[in-house]
Amino acid sequence: MKILCIGRNYADHARELNNEIPEEPVIFIKPETALLPKGHPFFYPLHTSDLHFELELVLRINRLGKHIDENFGHKYFSEIGLGIDFTARDVQQECKKKGLPWEKAKAFDHSAPVGKKFLAIDDLPDRNAIRFELKKNGETVQSGNSADMLFGFNQLISQTSKYFTLKIGDLLFTGTPKGVGAVAKGDKLEGFLEGEKLFDVEIK
Ligand code: MG
């Protein structure tokens, strides 16, 4: 499996990092080793001293597809969950400055913890306005609504499938709202979707 990720999909987050608002989705990939195995602690990575959380809605792909028309995008997922797109911000800034790829900053081992539980999209109050929230040590640090995405789920399915064949079990991280920030050892992160807690991660 692979993890497809979207950057700068919320205008207020793009602005907080002084990035331009993109005209088409910014797409990158994390490998399967970016998942955090069940029961495995998350250790602060050795190659960064500015690790940031980015809470994101995550779609689980349930059909094989390539060159998917936007109008059929909704047929390729039925469940949604939450994940953290952990980012070594110092490494990413260095990569950006030099025009280098982002993998060391974004795709390292365990950089994509995902909640075990996914929810059926059809059971949510409004599939076009999904609310989600991240708490750090009990305080809300990110609060998002999918209605604020620059590119919606169906557009993301269509755009990513232009370049990558979507396979059953692939995950699509759909971008983070504003409020990203640093974590330190001992911090506890908890993700909520429509008020339901889907994961917690403690930084060791
Ligand atoms: Mg992200």
# chains A, B, ... in the order shown; residues from 1 in each chain; ligands from 1

$ select_by_dssp --residues "range 56-171 of chain A" --states "strand (DSSP E or B)" --output "PyMOL selection string"
chain A and resi 56-61+65+77-84+87-88+114+119-120+131-136+139-145+149+166+171

$ residues_around --residues "range 58-73 of chain A" --least-positions-apart "4" --cutoff "10 Å" --atoms "only C-alpha atoms" --output "PDB file with C-alpha atoms, in the first residue's frame"
ATOM      1  CA  ILE A   3      -0.009   6.871   1.383  1.00  0.00           C
ATOM      2  CA  LEU A   4      -0.974   9.737  -0.894  1.00  0.00           C
ATOM      3  CA  CYS A   5      -0.747  13.174   0.699  1.00  0.00           C
ATOM      4  CA  PHE A  77     -13.933   5.654  -0.711  1.00  0.00           C
ATOM      5  CA  SER A  78     -16.617   5.049   1.872  1.00  0.00           C
ATOM      6  CA  GLU A  79     -14.721   5.506   5.137  1.00  0.00           C
ATOM      7  CA  ILE A  80     -12.845   8.383   6.697  1.00  0.00           C
ATOM      8  CA  GLY A  81     -10.388   8.554   9.567  1.00  0.00           C
ATOM      9  CA  LEU A  82      -7.707  10.794  11.011  1.00  0.00           C
ATOM     10  CA  GLY A  83      -3.950  10.817  10.783  1.00  0.00           C
ATOM     11  CA  ILE A  84      -0.968  12.976  11.584  1.00  0.00           C
ATOM     12  CA  VAL A 114      -3.338   6.819  11.542  1.00  0.00           C
ATOM     13  CA  GLY A 115      -6.202   6.130  13.921  1.00  0.00           C
ATOM     14  CA  PHE A 118     -12.450   4.699  10.408  1.00  0.00           C
ATOM     15  CA  LEU A 119     -16.019   5.989  10.203  1.00  0.00           C
ATOM     16  CA  ILE A 121     -18.895   8.685   5.527  1.00  0.00           C
ATOM     17  CA  GLY A 152     -12.561  18.524  -2.333  1.00  0.00           C
ATOM     18  CA  PHE A 153     -12.342  14.777  -1.882  1.00  0.00           C
ATOM     19  CA  ASN A 154     -13.565  13.960  -5.402  1.00  0.00           C
ATOM     20  CA  GLN A 155     -11.120  16.374  -6.989  1.00  0.00           C
ATOM     21  CA  LEU A 156      -8.284  14.868  -4.934  1.00  0.00           C
ATOM     22  CA  ILE A 157      -9.230  11.342  -6.026  1.00  0.00           C
ATOM     23  CA  SER A 158      -9.291  12.484  -9.650  1.00  0.00           C
ATOM     24  CA  GLN A 159      -6.053  14.460  -9.498  1.00  0.00           C
ATOM     25  CA  THR A 160      -3.966  11.874  -7.613  1.00  0.00           C
ATOM     26  CA  SER A 161      -5.188   9.059  -9.880  1.00  0.00           C
ATOM     27  CA  LYS A 162      -3.791  10.906 -12.905  1.00  0.00           C
ATOM     28  CA  TYR A 163      -0.318  10.010 -11.684  1.00  0.00           C
ATOM     29  CA  PHE A 164      -0.759   7.014  -9.374  1.00  0.00           C
ATOM     30  CA  THR A 165      -3.005   3.977  -9.691  1.00  0.00           C
ATOM     31  CA  LEU A 166      -5.197   3.936  -6.596  1.00  0.00           C
ATOM     32  CA  LYS A 167      -5.362   0.523  -4.952  1.00  0.00           C
ATOM     33  CA  ILE A 168      -7.614  -0.911  -2.272  1.00  0.00           C
ATOM     34  CA  GLY A 169      -6.178  -0.041   1.141  1.00  0.00           C
ATOM     35  CA  ASP A 170      -4.235   3.015  -0.006  1.00  0.00           C
ATOM     36  CA  LEU A 171      -4.679   6.059   2.226  1.00  0.00           C
ATOM     37  CA  LEU A 172      -5.228   9.635   1.097  1.00  0.00           C
ATOM     38  CA  PHE A 173      -4.224  12.379   3.548  1.00  0.00           C
ATOM     39  CA  THR A 174      -6.252  15.413   2.514  1.00  0.00           C
ATOM     40  CA  GLY A 175      -4.251  18.308   3.974  1.00  0.00           C
TER      41      GLY A 175
END

$ atom_distance --atom1 "CA of Gln142 in chain A" --atom2 "CA of Leu55 in chain A"
7.3 Å

$ residues_around --residues "Glu23 in chain A" --least-positions-apart "2" --cutoff "12 Å" --atoms "only C-alpha atoms" --output "PDB file with all heavy atoms, in the first residue's frame"
ATOM      1  N   GLY A   7      -0.671  18.627   0.059  1.00  0.00           N
ATOM      2  CA  GLY A   7      -0.142  19.788   0.783  1.00  0.00           C
ATOM      3  C   GLY A   7      -0.955  21.025   0.453  1.00  0.00           C
ATOM      4  O   GLY A   7      -1.573  21.118  -0.612  1.00  0.00           O
ATOM      5  N   ARG A   8      -0.989  21.972   1.367  1.00  0.00           N
ATOM      6  CA  ARG A   8      -1.594  23.294   1.136  1.00  0.00           C
ATOM      7  C   ARG A   8      -3.032  23.229   0.641  1.00  0.00           C
ATOM      8  O   ARG A   8      -3.409  23.915  -0.303  1.00  0.00           O
ATOM      9  CB  ARG A   8      -0.748  24.089   0.122  1.00  0.00           C
ATOM     10  CG  ARG A   8       0.694  24.212   0.550  1.00  0.00           C
ATOM     11  CD  ARG A   8       1.570  24.863  -0.492  1.00  0.00           C
ATOM     12  NE  ARG A   8       2.982  24.645  -0.167  1.00  0.00           N
ATOM     13  CZ  ARG A   8       3.990  24.888  -0.989  1.00  0.00           C
ATOM     14  NH1 ARG A   8       3.761  25.379  -2.192  1.00  0.00           N
ATOM     15  NH2 ARG A   8       5.225  24.656  -0.615  1.00  0.00           N
ATOM     16  N   ASN A   9      -3.848  22.392   1.292  1.00  0.00           N
ATOM     17  CA  ASN A   9      -5.234  22.269   0.832  1.00  0.00           C
ATOM     18  C   ASN A   9      -6.196  23.134   1.641  1.00  0.00           C
ATOM     19  O   ASN A   9      -7.393  23.088   1.430  1.00  0.00           O
ATOM     20  CB  ASN A   9      -5.670  20.799   0.859  1.00  0.00           C
ATOM     21  CG  ASN A   9      -6.858  20.552  -0.052  1.00  0.00           C
ATOM     22  OD1 ASN A   9      -7.085  21.310  -0.996  1.00  0.00           O
ATOM     23  ND2 ASN A   9      -7.636  19.518   0.231  1.00  0.00           N
ATOM     24  N   ALA A  11      -6.458  27.168   2.766  1.00  0.00           N
ATOM     25  CA  ALA A  11      -5.806  28.457   2.494  1.00  0.00           C
ATOM     26  C   ALA A  11      -5.170  29.056   3.753  1.00  0.00           C
ATOM     27  O   ALA A  11      -4.060  29.588   3.704  1.00  0.00           O
ATOM     28  CB  ALA A  11      -6.817  29.426   1.898  1.00  0.00           C
ATOM     29  N   GLU A  20       2.249  29.965  -1.254  1.00  0.00           N
ATOM     30  CA  GLU A  20       1.218  30.443  -2.175  1.00  0.00           C
ATOM     31  C   GLU A  20       0.011  29.513  -2.121  1.00  0.00           C
ATOM     32  O   GLU A  20       0.132  28.340  -1.801  1.00  0.00           O
ATOM     33  CB  GLU A  20       1.750  30.435  -3.616  1.00  0.00           C
ATOM     34  CG  GLU A  20       2.736  31.541  -3.907  1.00  0.00           C
ATOM     35  CD  GLU A  20       3.356  31.393  -5.293  1.00  0.00           C
ATOM     36  OE1 GLU A  20       2.812  30.644  -6.124  1.00  0.00           O
ATOM     37  OE2 GLU A  20       4.393  32.031  -5.504  1.00  0.00           O
ATOM     38  N   ILE A  21      -1.160  30.052  -2.455  1.00  0.00           N
ATOM     39  CA  ILE A  21      -2.362  29.222  -2.601  1.00  0.00           C
ATOM     40  C   ILE A  21      -2.218  28.478  -3.937  1.00  0.00           C
ATOM     41  O   ILE A  21      -2.075  29.110  -4.983  1.00  0.00           O
ATOM     42  CB  ILE A  21      -3.635  30.109  -2.622  1.00  0.00           C
ATOM     43  CG1 ILE A  21      -3.667  31.058  -1.413  1.00  0.00           C
ATOM     44  CG2 ILE A  21      -4.884  29.248  -2.696  1.00  0.00           C
ATOM     45  CD1 ILE A  21      -3.663  30.400  -0.067  1.00  0.00           C
ATOM     46  N   PRO A  25      -3.721  20.668  -6.836  1.00  0.00           N
ATOM     47  CA  PRO A  25      -3.273  20.077  -5.567  1.00  0.00           C
ATOM     48  C   PRO A  25      -1.767  19.791  -5.556  1.00  0.00           C
ATOM     49  O   PRO A  25      -1.208  19.378  -6.571  1.00  0.00           O
ATOM     50  CB  PRO A  25      -4.056  18.760  -5.498  1.00  0.00           C
ATOM     51  CG  PRO A  25      -5.216  18.934  -6.408  1.00  0.00           C
ATOM     52  CD  PRO A  25      -4.771  19.876  -7.488  1.00  0.00           C
ATOM     53  N   VAL A  26      -1.152  20.055  -4.409  1.00  0.00           N
ATOM     54  CA  VAL A  26       0.246  19.678  -4.188  1.00  0.00           C
ATOM     55  C   VAL A  26       0.225  18.226  -3.697  1.00  0.00           C
ATOM     56  O   VAL A  26      -0.391  17.930  -2.665  1.00  0.00           O
ATOM     57  CB  VAL A  26       0.886  20.583  -3.121  1.00  0.00           C
ATOM     58  CG1 VAL A  26       2.294  20.102  -2.771  1.00  0.00           C
ATOM     59  CG2 VAL A  26       0.899  22.036  -3.584  1.00  0.00           C
ATOM     60  N   LEU A 150      -9.463  23.560  -0.248  1.00  0.00           N
ATOM     61  CA  LEU A 150      -9.394  24.186  -1.573  1.00  0.00           C
ATOM     62  C   LEU A 150      -9.824  23.193  -2.640  1.00  0.00           C
ATOM     63  O   LEU A 150     -10.488  23.539  -3.605  1.00  0.00           O
ATOM     64  CB  LEU A 150      -7.967  24.679  -1.842  1.00  0.00           C
ATOM     65  CG  LEU A 150      -7.458  25.774  -0.905  1.00  0.00           C
ATOM     66  CD1 LEU A 150      -5.966  26.014  -1.117  1.00  0.00           C
ATOM     67  CD2 LEU A 150      -8.231  27.069  -1.140  1.00  0.00           C
ATOM     68  N   PHE A 151      -9.403  21.938  -2.486  1.00  0.00           N
ATOM     69  CA  PHE A 151      -9.780  20.871  -3.420  1.00  0.00           C
ATOM     70  C   PHE A 151     -10.520  19.806  -2.628  1.00  0.00           C
ATOM     71  O   PHE A 151      -9.995  19.278  -1.631  1.00  0.00           O
ATOM     72  CB  PHE A 151      -8.535  20.282  -4.098  1.00  0.00           C
ATOM     73  CG  PHE A 151      -7.718  21.328  -4.807  1.00  0.00           C
ATOM     74  CD1 PHE A 151      -6.602  21.881  -4.201  1.00  0.00           C
ATOM     75  CD2 PHE A 151      -8.095  21.794  -6.064  1.00  0.00           C
ATOM     76  CE1 PHE A 151      -5.858  22.874  -4.837  1.00  0.00           C
ATOM     77  CE2 PHE A 151      -7.365  22.784  -6.710  1.00  0.00           C
ATOM     78  CZ  PHE A 151      -6.240  23.331  -6.085  1.00  0.00           C
TER      79      PHE A 151
END

$ residues_around --residues "Ala34 in chain A" --least-positions-apart "6" --cutoff "10 Å" --atoms "only C-alpha atoms" --output "list of chain:residue names"
A:Lys2, A:Ile3, A:Asp85, A:Phe86, A:Lys106, A:Ala107, A:Phe108, A:Asp109, A:His110, A:Ser111, A:Ala112, A:Pro113, A:Val114

$ write_last_selection --atoms "N, CA, C and O atoms" --output "tab-separated table (two decimals), in the first residue's frame"
chain	number	residue	atom	x	y	z
A	2	LYS	N	0.24	2.34	-0.32
A	2	LYS	CA	0.95	3.63	-0.30
A	2	LYS	C	0.06	4.70	0.35
A	2	LYS	O	-1.15	4.51	0.50
A	3	ILE	N	0.69	5.77	0.73
A	3	ILE	CA	-0.01	6.87	1.38
A	3	ILE	C	0.14	8.10	0.49
A	3	ILE	O	1.26	8.60	0.30
A	85	ASP	N	0.22	13.98	9.75
A	85	ASP	CA	1.29	14.10	8.77
A	85	ASP	C	2.46	14.75	9.51
A	85	ASP	O	2.63	15.97	9.46
A	86	PHE	N	3.24	13.93	10.22
A	86	PHE	CA	4.38	14.49	10.97
A	86	PHE	C	5.40	15.05	9.98
A	86	PHE	O	5.72	14.42	8.96
A	106	LYS	N	9.19	14.45	5.36
A	106	LYS	CA	7.77	14.08	5.38
A	106	LYS	C	7.52	12.58	5.38
A	106	LYS	O	6.45	12.14	5.80
A	107	ALA	N	8.43	11.79	4.83
A	107	ALA	CA	8.11	10.39	4.54
A	107	ALA	C	8.92	9.39	5.36
A	107	ALA	O	8.94	8.20	5.05
A	108	PHE	N	9.55	9.89	6.41
A	108	PHE	CA	10.40	9.02	7.25
A	108	PHE	C	9.54	8.01	8.03
A	108	PHE	O	8.31	8.14	8.09
A	109	ASP	N	10.20	7.02	8.61
A	109	ASP	CA	9.49	5.99	9.37
A	109	ASP	C	8.57	6.62	10.42
A	109	ASP	O	8.99	7.52	11.16
A	110	HIS	N	7.34	6.12	10.47
A	110	HIS	CA	6.35	6.49	11.50
A	110	HIS	C	5.88	7.94	11.38
A	110	HIS	O	5.34	8.50	12.34
A	111	SER	N	6.10	8.53	10.22
A	111	SER	CA	5.66	9.92	10.01
A	111	SER	C	4.17	10.03	9.71
A	111	SER	O	3.65	11.13	9.53
A	112	ALA	N	3.46	8.88	9.66
A	112	ALA	CA	2.03	8.94	9.33
A	112	ALA	C	1.20	8.04	10.25
A	112	ALA	O	0.56	7.09	9.80
A	113	PRO	N	1.17	8.34	11.57
A	113	PRO	CA	0.28	7.58	12.44
A	113	PRO	C	-1.18	7.81	12.03
A	113	PRO	O	-1.57	8.95	11.77
A	114	VAL	N	-1.93	6.73	11.95
A	114	VAL	CA	-3.34	6.82	11.54
A	114	VAL	C	-4.18	6.14	12.62
A	114	VAL	O	-3.79	5.08	13.13

$ residues_around --residues "range 44-50 of chain A" --least-positions-apart "6" --cutoff "12 Å" --atoms "only C-alpha atoms" --output "list in words"
Phe86, Thr87, Ala88, Arg89, Asp90, Val91, Gln92, Gln93, Glu94, Lys104, Ala105, Lys106, Ala107, Phe108, Asp109, His110, Ser111, Val180, Gly181, Ala182, Val183, Ala184, Lys185, Gly186, Asp187, Val201, Glu202, Ile203 and Lys204 of chain A

$ closest_residue --among "A:Lys178, A:Lys188, A:Lys135, A:Lys96" --to "ligand 1" --atoms "only C-alpha atoms and all ligand atoms"
A:Lys178

$ closest_residue --among "A:Cys95, A:Leu51, A:Thr176, A:His74" --to "ligand 1" --atoms "only C-alpha atoms and all ligand atoms"
A:Thr176

$ closest_residue --among "A:Pro37, A:His52, A:Glu32, A:Pro22" --to "ligand 1" --atoms "only C-alpha atoms and all ligand atoms"
A:His52

$ decode --residues "range 127-164 of chain A" --atoms "N, CA, C and O atoms" --output "short mmCIF file (atom, residue, chain, number, x, y, z; two decimals), in the first residue's frame"
data_model
loop_
_atom_site.label_atom_id
_atom_site.label_comp_id
_atom_site.auth_asym_id
_atom_site.auth_seq_id
_atom_site.Cartn_x
_atom_site.Cartn_y
_atom_site.Cartn_z
N ARG A 127 -21.44 15.13 4.91
CA ARG A 127 -20.18 14.67 4.29
C ARG A 127 -19.42 15.80 3.62
O ARG A 127 -18.24 15.67 3.29
N ASN A 128 -20.05 16.95 3.45
CA ASN A 128 -19.38 18.11 2.84
C ASN A 128 -18.86 19.11 3.87
O ASN A 128 -18.30 20.14 3.51
N ALA A 129 -19.08 18.83 5.13
CA ALA A 129 -18.62 19.73 6.19
C ALA A 129 -18.27 18.88 7.41
O ALA A 129 -19.01 18.83 8.39
N ILE A 130 -17.14 18.18 7.31
CA ILE A 130 -16.73 17.25 8.37
C ILE A 130 -15.79 17.99 9.34
O ILE A 130 -14.79 18.57 8.93
N ARG A 131 -16.16 17.96 10.60
CA ARG A 131 -15.40 18.70 11.60
C ARG A 131 -14.40 17.78 12.30
O ARG A 131 -14.71 16.64 12.63
N PHE A 132 -13.19 18.30 12.50
CA PHE A 132 -12.16 17.49 13.16
C PHE A 132 -11.26 18.39 14.00
O PHE A 132 -11.19 19.61 13.77
N GLU A 133 -10.59 17.77 14.95
CA GLU A 133 -9.91 18.57 15.98
C GLU A 133 -8.71 17.80 16.54
O GLU A 133 -8.77 16.59 16.68
N LEU A 134 -7.67 18.55 16.85
CA LEU A 134 -6.50 17.95 17.50
C LEU A 134 -6.28 18.61 18.85
O LEU A 134 -6.28 19.84 18.95
N LYS A 135 -6.10 17.76 19.87
CA LYS A 135 -5.75 18.30 21.18
C LYS A 135 -4.32 17.90 21.51
O LYS A 135 -3.92 16.76 21.26
N LYS A 136 -3.57 18.86 22.02
CA LYS A 136 -2.22 18.58 22.51
C LYS A 136 -2.23 18.79 24.01
O LYS A 136 -2.57 19.90 24.47
N ASN A 137 -1.91 17.75 24.73
CA ASN A 137 -1.94 17.80 26.20
C ASN A 137 -3.27 18.37 26.71
O ASN A 137 -3.31 19.19 27.63
N GLY A 138 -4.36 17.96 26.04
CA GLY A 138 -5.70 18.32 26.49
C GLY A 138 -6.24 19.63 25.96
O GLY A 138 -7.40 19.96 26.17
N GLU A 139 -5.39 20.41 25.25
CA GLU A 139 -5.86 21.71 24.73
C GLU A 139 -5.98 21.66 23.21
O GLU A 139 -5.10 21.15 22.53
N THR A 140 -7.07 22.23 22.69
CA THR A 140 -7.29 22.21 21.24
C THR A 140 -6.25 23.09 20.54
O THR A 140 -6.11 24.27 20.86
N VAL A 141 -5.53 22.48 19.59
CA VAL A 141 -4.52 23.24 18.84
C VAL A 141 -4.90 23.36 17.35
O VAL A 141 -4.46 24.30 16.69
N GLN A 142 -5.66 22.42 16.84
CA GLN A 142 -6.13 22.52 15.46
C GLN A 142 -7.61 22.16 15.43
O GLN A 142 -8.02 21.20 16.08
N SER A 143 -8.35 22.92 14.65
CA SER A 143 -9.77 22.68 14.53
C SER A 143 -10.12 22.94 13.07
O SER A 143 -9.93 24.04 12.58
N GLY A 144 -10.56 21.91 12.36
CA GLY A 144 -10.77 22.05 10.93
C GLY A 144 -12.16 21.63 10.50
O GLY A 144 -12.90 20.99 11.24
N ASN A 145 -12.49 22.03 9.25
CA ASN A 145 -13.76 21.65 8.65
C ASN A 145 -13.49 21.39 7.17
O ASN A 145 -12.91 22.23 6.49
N SER A 146 -13.90 20.21 6.71
CA SER A 146 -13.58 19.84 5.33
C SER A 146 -14.20 20.80 4.31
O SER A 146 -13.76 20.85 3.16
N ALA A 147 -15.19 21.58 4.74
CA ALA A 147 -15.79 22.56 3.83
C ALA A 147 -14.77 23.62 3.41
O ALA A 147 -14.95 24.30 2.41
N ASP A 148 -13.69 23.76 4.19
CA ASP A 148 -12.68 24.78 3.90
C ASP A 148 -11.57 24.28 2.98
O ASP A 148 -10.63 25.02 2.69
N MET A 149 -11.65 23.04 2.52
CA MET A 149 -10.61 22.52 1.63
C MET A 149 -10.63 23.27 0.30
O MET A 149 -11.70 23.56 -0.24
N LEU A 150 -9.46 23.56 -0.25
CA LEU A 150 -9.39 24.19 -1.57
C LEU A 150 -9.82 23.19 -2.64
O LEU A 150 -10.49 23.54 -3.61
N PHE A 151 -9.40 21.94 -2.49
CA PHE A 151 -9.78 20.87 -3.42
C PHE A 151 -10.52 19.81 -2.63
O PHE A 151 -9.99 19.28 -1.63
N GLY A 152 -11.73 19.49 -3.06
CA GLY A 152 -12.56 18.52 -2.33
C GLY A 152 -12.12 17.09 -2.56
O GLY A 152 -11.26 16.81 -3.41
N PHE A 153 -12.73 16.19 -1.81
CA PHE A 153 -12.34 14.78 -1.88
C PHE A 153 -12.37 14.25 -3.32
O PHE A 153 -11.44 13.58 -3.75
N ASN A 154 -13.44 14.54 -4.06
CA ASN A 154 -13.57 13.96 -5.40
C ASN A 154 -12.51 14.51 -6.35
O ASN A 154 -11.98 13.79 -7.20
N GLN A 155 -12.20 15.79 -6.18
CA GLN A 155 -11.12 16.37 -6.99
C GLN A 155 -9.78 15.73 -6.65
O GLN A 155 -8.96 15.48 -7.54
N LEU A 156 -9.57 15.47 -5.35
CA LEU A 156 -8.28 14.87 -4.93
C LEU A 156 -8.15 13.45 -5.49
O LEU A 156 -7.06 13.05 -5.92
N ILE A 157 -9.25 12.70 -5.46
CA ILE A 157 -9.23 11.34 -6.03
C ILE A 157 -8.87 11.41 -7.52
O ILE A 157 -8.02 10.67 -8.02
N SER A 158 -9.52 12.34 -8.21
CA SER A 158 -9.29 12.48 -9.65
C SER A 158 -7.85 12.91 -9.94
O SER A 158 -7.16 12.30 -10.77
N GLN A 159 -7.39 13.92 -9.23
CA GLN A 159 -6.05 14.46 -9.50
C GLN A 159 -4.94 13.46 -9.15
O GLN A 159 -4.00 13.30 -9.92
N THR A 160 -5.04 12.80 -7.99
CA THR A 160 -3.97 11.87 -7.61
C THR A 160 -3.94 10.67 -8.56
O THR A 160 -2.87 10.16 -8.89
N SER A 161 -5.13 10.25 -9.03
CA SER A 161 -5.19 9.06 -9.88
C SER A 161 -4.70 9.32 -11.31
O SER A 161 -4.58 8.41 -12.10
N LYS A 162 -4.43 10.60 -11.61
CA LYS A 162 -3.79 10.91 -12.91
C LYS A 162 -2.37 10.37 -12.94
O LYS A 162 -1.84 10.02 -13.98
N TYR A 163 -1.75 10.35 -11.75
CA TYR A 163 -0.32 10.01 -11.68
C TYR A 163 -0.07 8.64 -11.07
O TYR A 163 0.92 7.99 -11.36
N PHE A 164 -0.96 8.25 -10.14
CA PHE A 164 -0.76 7.01 -9.37
C PHE A 164 -2.03 6.16 -9.44
O PHE A 164 -3.12 6.68 -9.20
#
